[in-house]
Structure formats: C-alpha cells, structure tokens
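Down below is the structure, laid out as structure tokens.
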Amino acid sequence: MAGHHNLLLSGPPGVGKTMLAQAARALLPPPTLQELIDITKIHSLISADTPLQTTRPFQSPHHTISLSNFLGSNLTLQPGELSLAHNGILFMDEFPEFSRQIIEALRTPLETKQINLNHLGRKIIYPSNFILIAAMNPCPCGYLGSSHKACVCSPSAIQNYRKKLSGPIIDRIDMTLMLNPIETSVLLKNTTSSTVEHASAKIQIGIALQRQAKRYHTPTIHNATIGSAQLARVAAISPSAKLLLDDAADKLHLSARSYFKTIKVAQTIADLEDSAYIDEPHIAESLQYRAQF
C-alpha cells in the first residue's frame, strides 16, 4: 500500500485473502478532495443521484463479469469496473476463474492507468488508476503445499489452472505473497496488539508516501507508477545492491519490466525503513516477492 503496488495473494481457502484485501483499503490515506471529486464524477455516470463519495472505492467484480462491464461499454460509453476502481482498489478474487479475455484485458490499463472507449466515432478516455489485488488458490482444489489437507489435483490440472495467468500478466504484478493458514490456537487471542500494529503501519505508510511525494515532486506519483526512465534517474542504489540485482536478474531471467519492478518494490521497502538509499536487504526482500510460476 505504501508504494501502490499490485498484489497477488495465493493460499488455500479460508486463509484470509479476502479479509486482507478489504483491510488494505483502510491502510491507505484518506482521499484528497480532488480525488473524491474524481471518484464521484465517475460513479455518477452509473447513477445520476450518486452523492459525493467519502471513501476510496473497493470494486470486487465476480469472475462471471462480462468484458463490457469490466472495461466499460463501447455501446453506451459508460465506465466499467476498472474505472469505478479509480483512486482505490480493484479486488479480483478467484483470479484464474476469470475468463482469459478478462485477465488479458488488464494488460494495457495496468500500464497506462486509463481506459479508451470508442463508438461510432465518439471516443472517451476514463481514468483507471487503481491498486490491483488478485487472490487465487495454489491449485484447483486449493490445497497444494498445505500441511493441513492433501491436494487431489493432477499435475496437468495444476498446470492448466496456472496457465490462465500469462507471463505478461504475472510480469505486471509487483508482489506475489504465499499465505499459510493461521493456527487455530491464536484465532481467539486478544486483538489489541493487532490494532496497535495496524495503526503503526498506517503511520509508516504515511511517512513513506511523504518521501515519495518529495522525491517525485508530486503526491500523485508513487513508486509503482513511476516511469522506468525517471526511476533510473532518482533511485539511489548502493553498488552491492546493484550487483545483487544484476546477478539475480541473470539467474532468474527477469524481464526488463520485472527488473524495474524489483527496484520499485525495493524502493518502497527502503522508504518504509526511512532509508536514503536502496541496499542489499531491500533488493533481497523485493526479489522474494517475484512470482515463481
């Protein structure tokens, strides 16, 4: 959340993927007045009596959604889920269950942060600057790698399930997190420490966002959305961190996009630690979040 990075949460059913996605919105700072106006303008195109919005959107389309409802209708030129999520979060649960067409349609908006609609010579561009949080099971049955329940999926079923997510889509996701079930012994423990941790995280995120606004001279650009050329000019990477990154890029066959995304995530980790430069531990942690499938 501190760098506005796109996330993929992978774990068995009931591990808390949806809960984490919903909690993510509460970690973001309150929207500015201009952001609220922009959010309200977009949502008012769906419903004319939409009041002034007061929170960041959290759009959670079902995996059966049509392409026109997802991207926006070329017939009516109304915005879709990708624009309704502007300045907020787009949560896609059961990510591989979405049609291949829907998943691949994310490629351009994730890069350009906008949607282009055309109908009979009319053209309209909607903003679509959101944080993508996708969630999936590690396999069709959901229990691959689980220590609590055996996976019953065949290797071919697992391969076909994961093939729904193409290389270009995985390449556009900044961080992949593998989640494990929480032990039942801690489920009913007092949540005071969690509340304190949440408040502390919000403070850290606020400080990290301030560092980014100062670095990029605007509060509207974040580590995840900064251009690669500009990142190369402003990112301060220690020589040892650069050596580690280059070595990992060769061994892991990172694409150019993945290479820069690793730096962007490492920059956010450094910002959260209030570090003036990106060091080896920041790169090492960032590399752990690159998808390995």
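Convention: chains lettered A, B, ... in structure tokens order; per-chain residue numbering from 1; ligands numbered from 1 as shown.
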
Exercise. Quick one: residues within 12 Å of stretch 270-280 of chain A, only C-alpha atoms counted, chain neighbours fewer than 5 positions away excluded, as an MDAnalysis selection string?
Worked result: chainID A and resid 1:3 200:215 222:223 234:246 248 262:265 285:287

For this session: Give me every alpha helix (DSSP H) residue in stretch 47-98 of chain A, going by DSSP on the backbone, as a VMD selection string.
Result: chain A and resid 67 to 71 81 to 84

Next, the residues of the selection above should be written as a CSV table (one decimal), in the first residue's frame with C-alpha atoms.
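This went into part20.csv:
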chain,number,residue,atom,x,y,z
A,67,LEU,CA,-16.0,-7.7,-20.8
A,68,SER,CA,-18.1,-4.6,-21.3
A,69,ASN,CA,-19.0,-4.4,-17.6
A,70,PHE,CA,-15.3,-4.9,-16.7
A,71,LEU,CA,-13.7,-2.4,-19.1
A,81,GLU,CA,-15.2,-1.8,-13.0
A,82,LEU,CA,-11.7,-0.7,-13.9
A,83,SER,CA,-12.7,3.0,-13.9
A,84,LEU,CA,-15.0,2.6,-10.9

For this session: Excluding A:Leu106 and residues on its chain fewer than 3 positions from it, collect all residues at most 10 Å away from it, counting only C-alpha atoms, and give them as an MDAnalysis selection string.
Result: chainID A and resid 70:71 82 101:103 109:111 132 169 172

Output file for the residues above (C-alpha atoms, as a PDB file, in the first residue's frame):
ATOM      1  CA  PHE A  70     -15.320  -4.897 -16.737  1.00  0.00           C
ATOM      2  CA  LEU A  71     -13.682  -2.434 -19.120  1.00  0.00           C
ATOM      3  CA  LEU A  82     -11.671  -0.694 -13.931  1.00  0.00           C
ATOM      4  CA  GLN A 101     -10.146 -12.373 -22.187  1.00  0.00           C
ATOM      5  CA  ILE A 102     -10.886 -10.503 -18.938  1.00  0.00           C
ATOM      6  CA  ILE A 103      -7.477 -11.263 -17.438  1.00  0.00           C
ATOM      7  CA  PRO A 109      -4.842  -0.365 -18.120  1.00  0.00           C
ATOM      8  CA  LEU A 110      -2.224  -1.567 -15.627  1.00  0.00           C
ATOM      9  CA  GLU A 111       0.385   0.249 -17.701  1.00  0.00           C
ATOM     10  CA  LEU A 132      -4.922  -4.434  -8.197  1.00  0.00           C
ATOM     11  CA  ILE A 169       0.100 -10.553 -16.653  1.00  0.00           C
ATOM     12  CA  ARG A 172       2.734  -6.676 -14.329  1.00  0.00           C
TER      13      ARG A 172
END

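Proximity of A:Pro155, A:Gly145, A:Pro138, A:Pro79 to A:Asn118, computed with only C-alpha atoms, is greatest for A:Pro79.
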
Exercise. How many Å lie between atom CA of A:Ala21 and atom CA of A:Asn87, rounded to one decimal?
Worked result: 15.2 Å

Mind running stretch 64-141 of chain A against stretch 47-60 of chain A at 12 Å and telling me each contacting residue's nearest atom pair with the distance in Å (one decimal), counting only C-alpha atoms, chain and number ascending, as a Markdown table?
| residue | atom | partner | partner_atom | distance |
| --- | --- | --- | --- | --- |
| A:Thr64 | CA | A:Ser60 | CA | 11.7 |
| A:Ile65 | CA | A:Ser60 | CA | 10.4 |
| A:Phe70 | CA | A:Gln59 | CA | 10.5 |
| A:Gln78 | CA | A:Ser47 | CA | 10.5 |
| A:Pro79 | CA | A:Ser47 | CA | 11.2 |
| A:Gly80 | CA | A:Gln59 | CA | 10.2 |
| A:Glu81 | CA | A:Gln59 | CA | 6.6 |
| A:Leu82 | CA | A:Gln59 | CA | 8.2 |
| A:Ser83 | CA | A:Gln59 | CA | 9.6 |
| A:Leu84 | CA | A:Gln59 | CA | 7.0 |
| A:Ala85 | CA | A:Pro57 | CA | 5.5 |
| A:His86 | CA | A:Pro57 | CA | 7.2 |
| A:Asn87 | CA | A:Arg56 | CA | 6.3 |
| A:Gly88 | CA | A:Pro57 | CA | 4.7 |
| A:Ile89 | CA | A:Phe58 | CA | 4.9 |
| A:Leu90 | CA | A:Gln59 | CA | 4.9 |
| A:Phe91 | CA | A:Ser60 | CA | 4.8 |
| A:Met92 | CA | A:Ser60 | CA | 6.0 |
| A:Asp93 | CA | A:Ser60 | CA | 7.5 |
| A:Glu94 | CA | A:Ser60 | CA | 10.8 |
| A:Phe95 | CA | A:Ser60 | CA | 11.2 |
| A:Ser128 | CA | A:Pro57 | CA | 11.7 |
| A:Asn129 | CA | A:Pro57 | CA | 11.3 |
| A:Phe130 | CA | A:Pro57 | CA | 9.1 |
| A:Ile131 | CA | A:Phe58 | CA | 9.7 |
| A:Leu132 | CA | A:Gln59 | CA | 9.9 |
| A:Ile133 | CA | A:Ser60 | CA | 9.7 |
| A:Ala134 | CA | A:Ser60 | CA | 9.9 |
| A:Ala135 | CA | A:Ser60 | CA | 11.1 |

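Closest approach to A:Thr176 among A:His5, A:Lys164, A:Arg107, A:Lys41 is made by A:His5 (distances from only C-alpha atoms).
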
Exercise. Do you know which residues are at most 10 Å from stretch 181-183 of chain A counting only C-alpha atoms, after dropping those on the same chain fewer than 3 positions away, and could you put them as number ranges by chain?
Worked result: A: 11-16, 146-148, 186-187

Suppose we keep C-alpha atoms; can you now write the selection as a PDB file, in the first residue's frame?
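Result file follows (again_37.pdb):
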ATOM      1  CA  GLY A  11      -3.206 -19.542  -0.467  1.00  0.00           C
ATOM      2  CA  PRO A  12      -5.735 -22.238   0.456  1.00  0.00           C
ATOM      3  CA  PRO A  13      -9.436 -21.488   1.059  1.00  0.00           C
ATOM      4  CA  GLY A  14     -10.162 -19.702   4.335  1.00  0.00           C
ATOM      5  CA  VAL A  15      -6.632 -18.370   4.801  1.00  0.00           C
ATOM      6  CA  GLY A  16      -7.842 -14.748   4.837  1.00  0.00           C
ATOM      7  CA  SER A 146      -0.847 -27.420   2.505  1.00  0.00           C
ATOM      8  CA  SER A 147       0.228 -29.199   5.677  1.00  0.00           C
ATOM      9  CA  HIS A 148      -3.434 -29.490   6.775  1.00  0.00           C
ATOM     10  CA  VAL A 186      -4.297 -17.879  18.044  1.00  0.00           C
ATOM     11  CA  LEU A 187      -7.658 -17.154  16.385  1.00  0.00           C
TER      12      LEU A 187
END

For this session: Could you please determine the separation between atom CA of A:Ala232 and atom CA of A:Gln114 in Å, to one decimal place?
Result: 24.0 Å

Exercise. If you count only C-alpha atoms, which residues fall within 9 Å of stretch 252-256 of chain A, apart from same-chain ones fewer than 5 positions away, as an NGL selection string?
Worked result: :A and (171 or 247 or 261)

Exercise. Given the choices A:Leu45, A:Leu33, A:Leu28, A:Met178, which gets closest to A:Leu9 if the distance is worked out from only C-alpha atoms?
Worked result: A:Met178

Problem set entry | Computed interatomic separation between atom CA of A:Pro127 and atom CA of A:Ser228 (Å) | 20.8 Å

For this session: Can you pull out every residue within 12 Å of stretch 121-123 of chain A, counting only C-alpha atoms, but drop anything in the same chain fewer than 5 positions away, and send it as a VMD selection string?
Result: chain A and resid 73 to 78 115 to 116

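In this comparison, which uses only C-alpha atoms, the residue of A:Lys113, A:Lys149, A:Ala105, A:Ala157 approaching A:Ala224 most closely is A:Lys113.
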
For this session: Mind the document's chain letters and residue numbers, and return as a list in words the residues of stretch 99-293 of chain A that DSSP labels strand (DSSP E).
Result: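 Written out, the strand (DSSP E) residues of stretch 99-293 of chain A are Gln114, Ile115, Asn116, Leu117, Asn118, His119, Arg122, Lys123, Ile124, Ile125, Tyr126, Pro127, Ile131, Leu132, Ile133, Ala134, Ala135, Met136, Met175, Thr176, Leu177 and Met178 of chain A.
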
Just-selected residues, C-alpha atoms written as a PDB file, in the first residue's frame:
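Here's the written file selection.pdb:
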ATOM      1  CA  GLN A 114      -6.675   4.708 -18.291  1.00  0.00           C
ATOM      2  CA  ILE A 115      -9.404   3.127 -20.441  1.00  0.00           C
ATOM      3  CA  ASN A 116     -10.246   4.143 -24.020  1.00  0.00           C
ATOM      4  CA  LEU A 117     -13.827   3.611 -25.244  1.00  0.00           C
ATOM      5  CA  ASN A 118     -14.973   4.182 -28.835  1.00  0.00           C
ATOM      6  CA  HIS A 119     -18.392   4.106 -30.505  1.00  0.00           C
ATOM      7  CA  ARG A 122     -17.107   9.044 -30.371  1.00  0.00           C
ATOM      8  CA  LYS A 123     -14.115   8.494 -28.133  1.00  0.00           C
ATOM      9  CA  ILE A 124     -13.847   8.883 -24.387  1.00  0.00           C
ATOM     10  CA  ILE A 125     -10.939   8.241 -22.031  1.00  0.00           C
ATOM     11  CA  TYR A 126     -11.658   7.283 -18.425  1.00  0.00           C
ATOM     12  CA  PRO A 127      -9.008   7.310 -15.676  1.00  0.00           C
ATOM     13  CA  ILE A 131      -4.250  -0.909  -6.992  1.00  0.00           C
ATOM     14  CA  LEU A 132      -4.922  -4.434  -8.197  1.00  0.00           C
ATOM     15  CA  ILE A 133      -5.222  -7.082  -5.503  1.00  0.00           C
ATOM     16  CA  ALA A 134      -5.802 -10.508  -7.016  1.00  0.00           C
ATOM     17  CA  ALA A 135      -6.376 -13.664  -4.998  1.00  0.00           C
ATOM     18  CA  MET A 136      -6.125 -17.293  -6.023  1.00  0.00           C
ATOM     19  CA  MET A 175       4.356  -8.687  -5.452  1.00  0.00           C
ATOM     20  CA  THR A 176       3.182 -12.290  -5.059  1.00  0.00           C
ATOM     21  CA  LEU A 177       2.534 -13.405  -1.485  1.00  0.00           C
ATOM     22  CA  MET A 178       2.080 -17.047  -0.490  1.00  0.00           C
TER      23      MET A 178
END

For this session: Considering only C-alpha atoms, state which residue in the set A:Ile46, A:Ala229, A:Leu179, A:Cys139 is at the smallest distance from A:Arg162.
Result: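 Selected residue with least distance to A:Arg162: A:Cys139.
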